[in-house]
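See below for the structure under consideration.
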Amino acid sequence: MTSTSLPVRTRFAPSPTGFLHLGGARTALFAWAYARHFGGTFILRIEDTDLERSTPQAVQAILDGMSWLGLTPDEGPFYQMQHMDRYREVVAQMLKDGTAYHCYSTSAEVEAMRELARANGTKPRYDGTWRPEPGKTLPAIPGGRSPVVRFKSPQDGATGWVDMVKGPITFDNTELDDLVIARQDGTPTYNFCVVVDDWDMRITHVLRGDDHVNNTPRQITILRALNAPVPQYGHVPMILGPDGEKLSKRHGAVSVMEYDSDGYLPEAMINYLARLGWSHGDDELFSREQLVDWFDPDHLSKSAAQWDPKKLNWVNAHYIKQSDDAMLAQAITPRILARGGHPQAANLIQVVRLFKDRAETLEQLADGAMLFCGPVQTPSAELVTQHLTETARNALRDFAIQAQGIAWTREAISALIKSLLATHTLKMPQLAIPLRLAVAGTTQTPAIDAVLEILGQQTVLDRLAAI
Ligand code: GLU
């Protein structure tokens, strides 16, 4: 039974053992985009059954990351720990149906079976001691020992699926052990919980990292034993770092929320992450709506994608340029405060307009804004001697006098500068650099007329008077 004709239901099923990393975010994005494209349902399921490694902070980090990226689930978050009764119920049913059995072998015995298999040059596996078969007499149940529950995995034939990303994949059933589905204390194991939830949540398409390929035949065989529909699977290759190695901390930030702190816009992240393993012709820049419109599994790449920080910056710069000035002004306000600056010291909309065409991140935008919102830098004595020469000071004095009488617009300031260049026979840098030094304490700023306009007439005159 396949599930192609059912309404699409996808899920993102992270284990909350750390932050939401880039690979996880991309998986979530693909599952989300797939559901959106087909008018389906996107579900968030937190796989928190590994009590030693799962933390509430990690759950929160996942929720924060998803919400920052705007990947809102239609259903969930559901927590596997809240489904324990259901897993136990299915285990009991399978025992009843004969698709699972009690196994009393100790772990030492199982290890010995594996050793033996290894010594014989065969695949290490459980030897089936407690597997019931017609006509087989099982050993006497040892006293005082609780059993595990094993799935009675098919031993003949093969289990395969047509992977939405990788194409046909087949595993010989002899390769699949009789998987433990419930431990001695009755707790269900990882693959089993995934199966029961995918079934109960009526998941039609599973998109996940290709580190799960080996779990898929096990999950399919259990689903079949349960007479449950088998979803379609798509296993996305991993993300590599710029050096071709598996993307890790040593390549920089791997937590999605670090990109928030570093000044990346969620829209840029979505656009960039989507292109890591999926394509729509040569399109590099597209909106969330276009992504949803275009997203199809046929263009998911079989080969690993490479993280390219330069390209991400380029994408982010594009989204900054496109962003609304008021939104950007608001976004940089806390960043200015974090730098000890005063966001109210300047009209941030004007500031944003001045820098948004050149900023690759909100952090760079905030750095730029500090020209107006931070303390005035004190230039080095060397710079002062070099640029505030007598000639320059004369021109600055004239500028200060005439500046008092003009309307404080960029155009009027520019006209005044031009007329002073003529009367003092100076070239642009010979006046612009001293002006920068005098009003901002640095020789490098964006266009001086724009900078002066934003600083405001009084501030400029005060600073000129102080040199
Ligand atoms: N919980 C698994 C993980 O975080 C994903 C399971 C799945 O997608 O089937 O890697």
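For the structure tokens, the naming scheme is as follows: chains receive sequential letters (A, B, ...) according to their order of presentation, residues are indexed from 1 within each chain, and ligands are indexed from 1 in presentation order.
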
Which residues are near ligand 1 - at most 10 Å, using only C-alpha atoms and all ligand atoms? Format: as a count of residues only.
39

Give me the residues near A:Asp357 as a list in words, where near means some atom within 8 Å (using only C-alpha atoms) and where sequence neighbours in that chain fewer than 3 positions away do not count.
Ala317, Ile320, Lys321, Arg353 and Leu354 of chain A

For the residues in the current selection, export C-alpha atoms as a JSON list (two decimals), in the first residue's frame.
[["chain", "number", "residue", "atom", "x", "y", "z"],
["A", 317, "ALA", "CA", 22.77, 41.67, 1.17],
["A", 320, "ILE", "CA", 18.70, 43.83, 3.21],
["A", 321, "LYS", "CA", 18.58, 46.00, 0.12],
["A", 353, "ARG", "CA", 19.15, 54.39, 3.63],
["A", 354, "LEU", "CA", 22.75, 55.46, 3.70]]

As number ranges by chain, list the residues of stretch 202-267 of chain A assigned to alpha helix (DSSP H) by DSSP on the backbone atoms of this structure.
A: 216-225, 256-261, 266-267

Just to be explicit: take each residue in the selection above, keep all heavy atoms, and write the result as a compact mmCIF listing (two decimals), in the first residue's frame.
# COMPACT_ATOMS: atom_id res chain seq x y z
N THR A 216 15.37 3.09 7.34
CA THR A 216 14.15 3.04 6.54
C THR A 216 13.64 1.62 6.27
O THR A 216 12.45 1.35 6.46
CB THR A 216 14.34 3.86 5.24
OG1 THR A 216 14.75 5.16 5.65
CG2 THR A 216 13.07 3.96 4.43
N PRO A 217 14.51 0.66 5.88
CA PRO A 217 13.96 -0.69 5.65
C PRO A 217 13.36 -1.27 6.93
O PRO A 217 12.33 -1.96 6.87
CB PRO A 217 15.18 -1.50 5.19
CG PRO A 217 16.37 -0.70 5.56
CD PRO A 217 15.94 0.74 5.56
N ARG A 218 13.96 -0.97 8.07
CA ARG A 218 13.40 -1.47 9.34
C ARG A 218 12.03 -0.86 9.58
O ARG A 218 11.09 -1.53 9.99
CB ARG A 218 14.30 -1.07 10.51
CG ARG A 218 15.69 -1.63 10.40
CD ARG A 218 16.52 -1.19 11.59
NE ARG A 218 17.89 -1.65 11.48
CZ ARG A 218 18.26 -2.91 11.62
NH1 ARG A 218 17.35 -3.83 11.87
NH2 ARG A 218 19.52 -3.25 11.51
N GLN A 219 11.94 0.42 9.32
CA GLN A 219 10.66 1.10 9.56
C GLN A 219 9.59 0.59 8.59
O GLN A 219 8.44 0.37 8.96
CB GLN A 219 10.84 2.62 9.44
CG GLN A 219 11.78 3.14 10.54
CD GLN A 219 12.04 4.64 10.48
OE1 GLN A 219 11.45 5.36 9.68
NE2 GLN A 219 12.93 5.11 11.34
N ILE A 220 9.99 0.36 7.34
CA ILE A 220 9.03 -0.13 6.35
C ILE A 220 8.53 -1.53 6.73
O ILE A 220 7.32 -1.81 6.69
CB ILE A 220 9.65 -0.15 4.93
CG1 ILE A 220 9.89 1.29 4.43
CG2 ILE A 220 8.75 -0.91 3.95
CD1 ILE A 220 10.57 1.38 3.07
N THR A 221 9.45 -2.39 7.16
CA THR A 221 9.01 -3.76 7.49
C THR A 221 8.06 -3.74 8.69
O THR A 221 7.08 -4.49 8.72
CB THR A 221 10.20 -4.72 7.76
OG1 THR A 221 11.07 -4.09 8.68
CG2 THR A 221 10.94 -5.07 6.50
N ILE A 222 8.32 -2.89 9.64
CA ILE A 222 7.41 -2.81 10.80
C ILE A 222 6.05 -2.26 10.37
O ILE A 222 5.00 -2.78 10.73
CB ILE A 222 8.01 -1.98 11.95
CG1 ILE A 222 9.35 -2.58 12.42
CG2 ILE A 222 7.05 -1.91 13.14
CD1 ILE A 222 10.09 -1.76 13.47
N LEU A 223 6.08 -1.20 9.54
CA LEU A 223 4.81 -0.63 9.05
C LEU A 223 4.00 -1.71 8.33
O LEU A 223 2.78 -1.84 8.52
CB LEU A 223 5.08 0.55 8.11
CG LEU A 223 5.48 1.87 8.79
CD1 LEU A 223 6.11 2.83 7.78
CD2 LEU A 223 4.29 2.53 9.47
N ARG A 224 4.68 -2.50 7.53
CA ARG A 224 3.96 -3.55 6.78
C ARG A 224 3.37 -4.57 7.73
O ARG A 224 2.24 -5.02 7.55
CB ARG A 224 4.91 -4.24 5.80
CG ARG A 224 5.24 -3.33 4.64
CD ARG A 224 5.74 -4.10 3.43
NE ARG A 224 5.95 -3.17 2.34
CZ ARG A 224 7.09 -3.06 1.65
NH1 ARG A 224 8.12 -3.85 1.95
NH2 ARG A 224 7.18 -2.18 0.68
N ALA A 225 4.14 -4.91 8.77
CA ALA A 225 3.64 -5.89 9.75
C ALA A 225 2.40 -5.33 10.45
O ALA A 225 1.55 -6.08 10.90
CB ALA A 225 4.72 -6.21 10.76
N VAL A 256 21.22 27.70 13.88
CA VAL A 256 20.46 28.66 13.10
C VAL A 256 20.34 30.01 13.82
O VAL A 256 20.47 31.07 13.21
CB VAL A 256 19.05 28.08 12.83
CG1 VAL A 256 18.12 29.15 12.33
CG2 VAL A 256 19.15 26.97 11.82
N MET A 257 20.15 29.96 15.14
CA MET A 257 19.94 31.21 15.86
C MET A 257 21.19 32.08 15.92
O MET A 257 21.10 33.27 16.13
CB MET A 257 19.39 30.93 17.27
CG MET A 257 17.97 30.38 17.25
SD MET A 257 16.86 31.28 16.15
CE MET A 257 16.44 32.67 17.17
N GLU A 258 22.35 31.45 15.70
CA GLU A 258 23.55 32.27 15.63
C GLU A 258 23.50 33.19 14.40
O GLU A 258 24.10 34.27 14.40
CB GLU A 258 24.79 31.40 15.55
CG GLU A 258 25.36 31.07 16.92
CD GLU A 258 26.59 30.21 16.81
OE1 GLU A 258 27.59 30.65 16.20
OE2 GLU A 258 26.55 29.08 17.32
N TYR A 259 22.81 32.71 13.38
CA TYR A 259 22.70 33.55 12.19
C TYR A 259 21.78 34.74 12.46
O TYR A 259 21.97 35.81 11.87
CB TYR A 259 22.23 32.72 10.98
CG TYR A 259 23.36 31.87 10.49
CD1 TYR A 259 23.60 30.61 11.03
CD2 TYR A 259 24.26 32.37 9.55
CE1 TYR A 259 24.68 29.85 10.63
CE2 TYR A 259 25.34 31.61 9.15
CZ TYR A 259 25.55 30.36 9.69
OH TYR A 259 26.64 29.64 9.30
N ASP A 260 20.86 34.54 13.37
CA ASP A 260 20.03 35.67 13.79
C ASP A 260 20.93 36.68 14.50
O ASP A 260 20.97 37.86 14.14
CB ASP A 260 18.92 35.15 14.73
CG ASP A 260 18.04 36.25 15.26
OD1 ASP A 260 17.97 37.33 14.63
OD2 ASP A 260 17.40 36.04 16.31
N SER A 261 21.71 36.22 15.47
CA SER A 261 22.58 37.17 16.18
C SER A 261 23.59 37.81 15.24
O SER A 261 23.96 38.96 15.42
CB SER A 261 23.36 36.54 17.33
OG SER A 261 22.94 35.28 17.64
N PRO A 266 15.79 36.18 8.26
CA PRO A 266 15.22 34.84 8.07
C PRO A 266 14.89 34.56 6.60
O PRO A 266 15.08 33.43 6.13
CB PRO A 266 13.95 34.86 8.93
CG PRO A 266 13.81 36.22 9.50
CD PRO A 266 15.08 36.96 9.29
N GLU A 267 14.44 35.59 5.88
CA GLU A 267 14.10 35.36 4.46
C GLU A 267 15.33 34.95 3.65
O GLU A 267 15.25 34.15 2.74
CB GLU A 267 13.49 36.63 3.84
CG GLU A 267 12.20 37.07 4.48
CD GLU A 267 11.18 35.93 4.63
OE1 GLU A 267 10.96 35.18 3.65
OE2 GLU A 267 10.63 35.79 5.73

How would you write, as a list in words, the set of residues in stretch 162-215 of chain A that DSSP gives as strand (DSSP E)?
Val162, Asp163, Gly167, Pro168, Ile169, Thr170, Phe171, Asp172, Val180, Ile181, Ala182, His205, Val206, Leu207, Arg208 and Gly209 of chain A

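Put simply, atom CA of A:Leu365 is 9.3 Å away from atom CA of A:Ala329.
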
A:Ser5 surroundings by only C-alpha atoms, 12 Å radius, close-in-sequence under 3 positions cut, as a list in words:
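Result of the neighbour search: Met1, Thr2, Val8, Arg9, Phe38, Gly40, Thr204, His205, Pro229, Pro231 and Gln232 of chain A.
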
So which residues touch stretch 298-312 of chain A within 6 Å, counting only C-alpha atoms, skipping near sequence neighbours fewer than 4 positions away, as a VMD selection string?
chain A and resid 165 to 166 237 to 242 276 to 279

Residues within 10 Å of A:Thr442, only C-alpha atoms, excluding chain neighbours under 2 positions, as a list in words:
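Here the qualifying residues turn out to be Leu371, Val376, Gln377, Thr378, Pro379, Ser380, Leu383, Val384, Ile433, Pro434, Leu435, Arg436, Leu437, Ala438, Val439, Ala440, Gln444 and Thr445 of chain A.
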
To one decimal place, how far is atom CA of A:Ala182 from atom CA of A:Pro147 in Å?
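Distance between the two atoms: 9.0 Å.
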
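Neighbours of A:Leu431 closer than or equal to 9 Å, with only C-alpha atoms counted and sequence neighbours fewer than 6 positions away skipped, come out as Ala392, Ala395, Leu396, Ile417, Leu420 and Leu421 of chain A.
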
Output N, CA and C atoms for every residue in the selection just made, as a PDB file, in the first residue's frame.
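out-v4.pdb written:
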ATOM      1  N   ALA A 392      43.194  73.586   5.080  1.00  0.00           N
ATOM      2  CA  ALA A 392      41.940  72.865   5.351  1.00  0.00           C
ATOM      3  C   ALA A 392      41.132  73.601   6.406  1.00  0.00           C
ATOM      4  N   ALA A 395      39.247  76.508   5.033  1.00  0.00           N
ATOM      5  CA  ALA A 395      38.050  76.098   4.287  1.00  0.00           C
ATOM      6  C   ALA A 395      36.957  75.661   5.254  1.00  0.00           C
ATOM      7  N   LEU A 396      37.331  74.941   6.334  1.00  0.00           N
ATOM      8  CA  LEU A 396      36.345  74.473   7.315  1.00  0.00           C
ATOM      9  C   LEU A 396      35.691  75.665   8.016  1.00  0.00           C
ATOM     10  N   ILE A 417      29.523  72.745  -0.437  1.00  0.00           N
ATOM     11  CA  ILE A 417      30.858  72.137  -0.540  1.00  0.00           C
ATOM     12  C   ILE A 417      31.473  72.480  -1.900  1.00  0.00           C
ATOM     13  N   LEU A 420      32.700  76.014  -2.082  1.00  0.00           N
ATOM     14  CA  LEU A 420      33.927  76.217  -1.304  1.00  0.00           C
ATOM     15  C   LEU A 420      35.144  75.626  -2.003  1.00  0.00           C
ATOM     16  N   LEU A 421      34.922  74.485  -2.703  1.00  0.00           N
ATOM     17  CA  LEU A 421      36.031  73.891  -3.455  1.00  0.00           C
ATOM     18  C   LEU A 421      36.543  74.898  -4.476  1.00  0.00           C
TER      19      LEU A 421
END

List the spatial neighbours of A:Thr122 as a ChimeraX atom specification - criterion: any atom at most 12 Å away, only C-alpha atoms, same-chain residues fewer than 6 positions off excluded.
/A:113-116,174-175

Just write the chosen residues, C-alpha atoms, as a PDB file, in the first residue's frame.
ATOM      1  CA  MET A 113      26.032 -14.345  19.047  1.00  0.00           C
ATOM      2  CA  ARG A 114      27.424 -11.318  17.293  1.00  0.00           C
ATOM      3  CA  GLU A 115      30.997 -12.345  18.055  1.00  0.00           C
ATOM      4  CA  LEU A 116      30.331 -15.768  16.655  1.00  0.00           C
ATOM      5  CA  THR A 174      18.670 -11.062   5.600  1.00  0.00           C
ATOM      6  CA  GLU A 175      20.507  -7.872   6.485  1.00  0.00           C
TER       7      GLU A 175
END

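If you look at atom CA of A:Thr389 and atom CA of A:Gln430, they are 9.8 Å away from each other.
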
Have a look at A:Gly456, A:Pro446, A:Pro343, A:Pro134 and name the one nearest to A:Met370; count only C-alpha atoms.
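Answer, going by the shortest atom-to-atom distance: A:Pro343.
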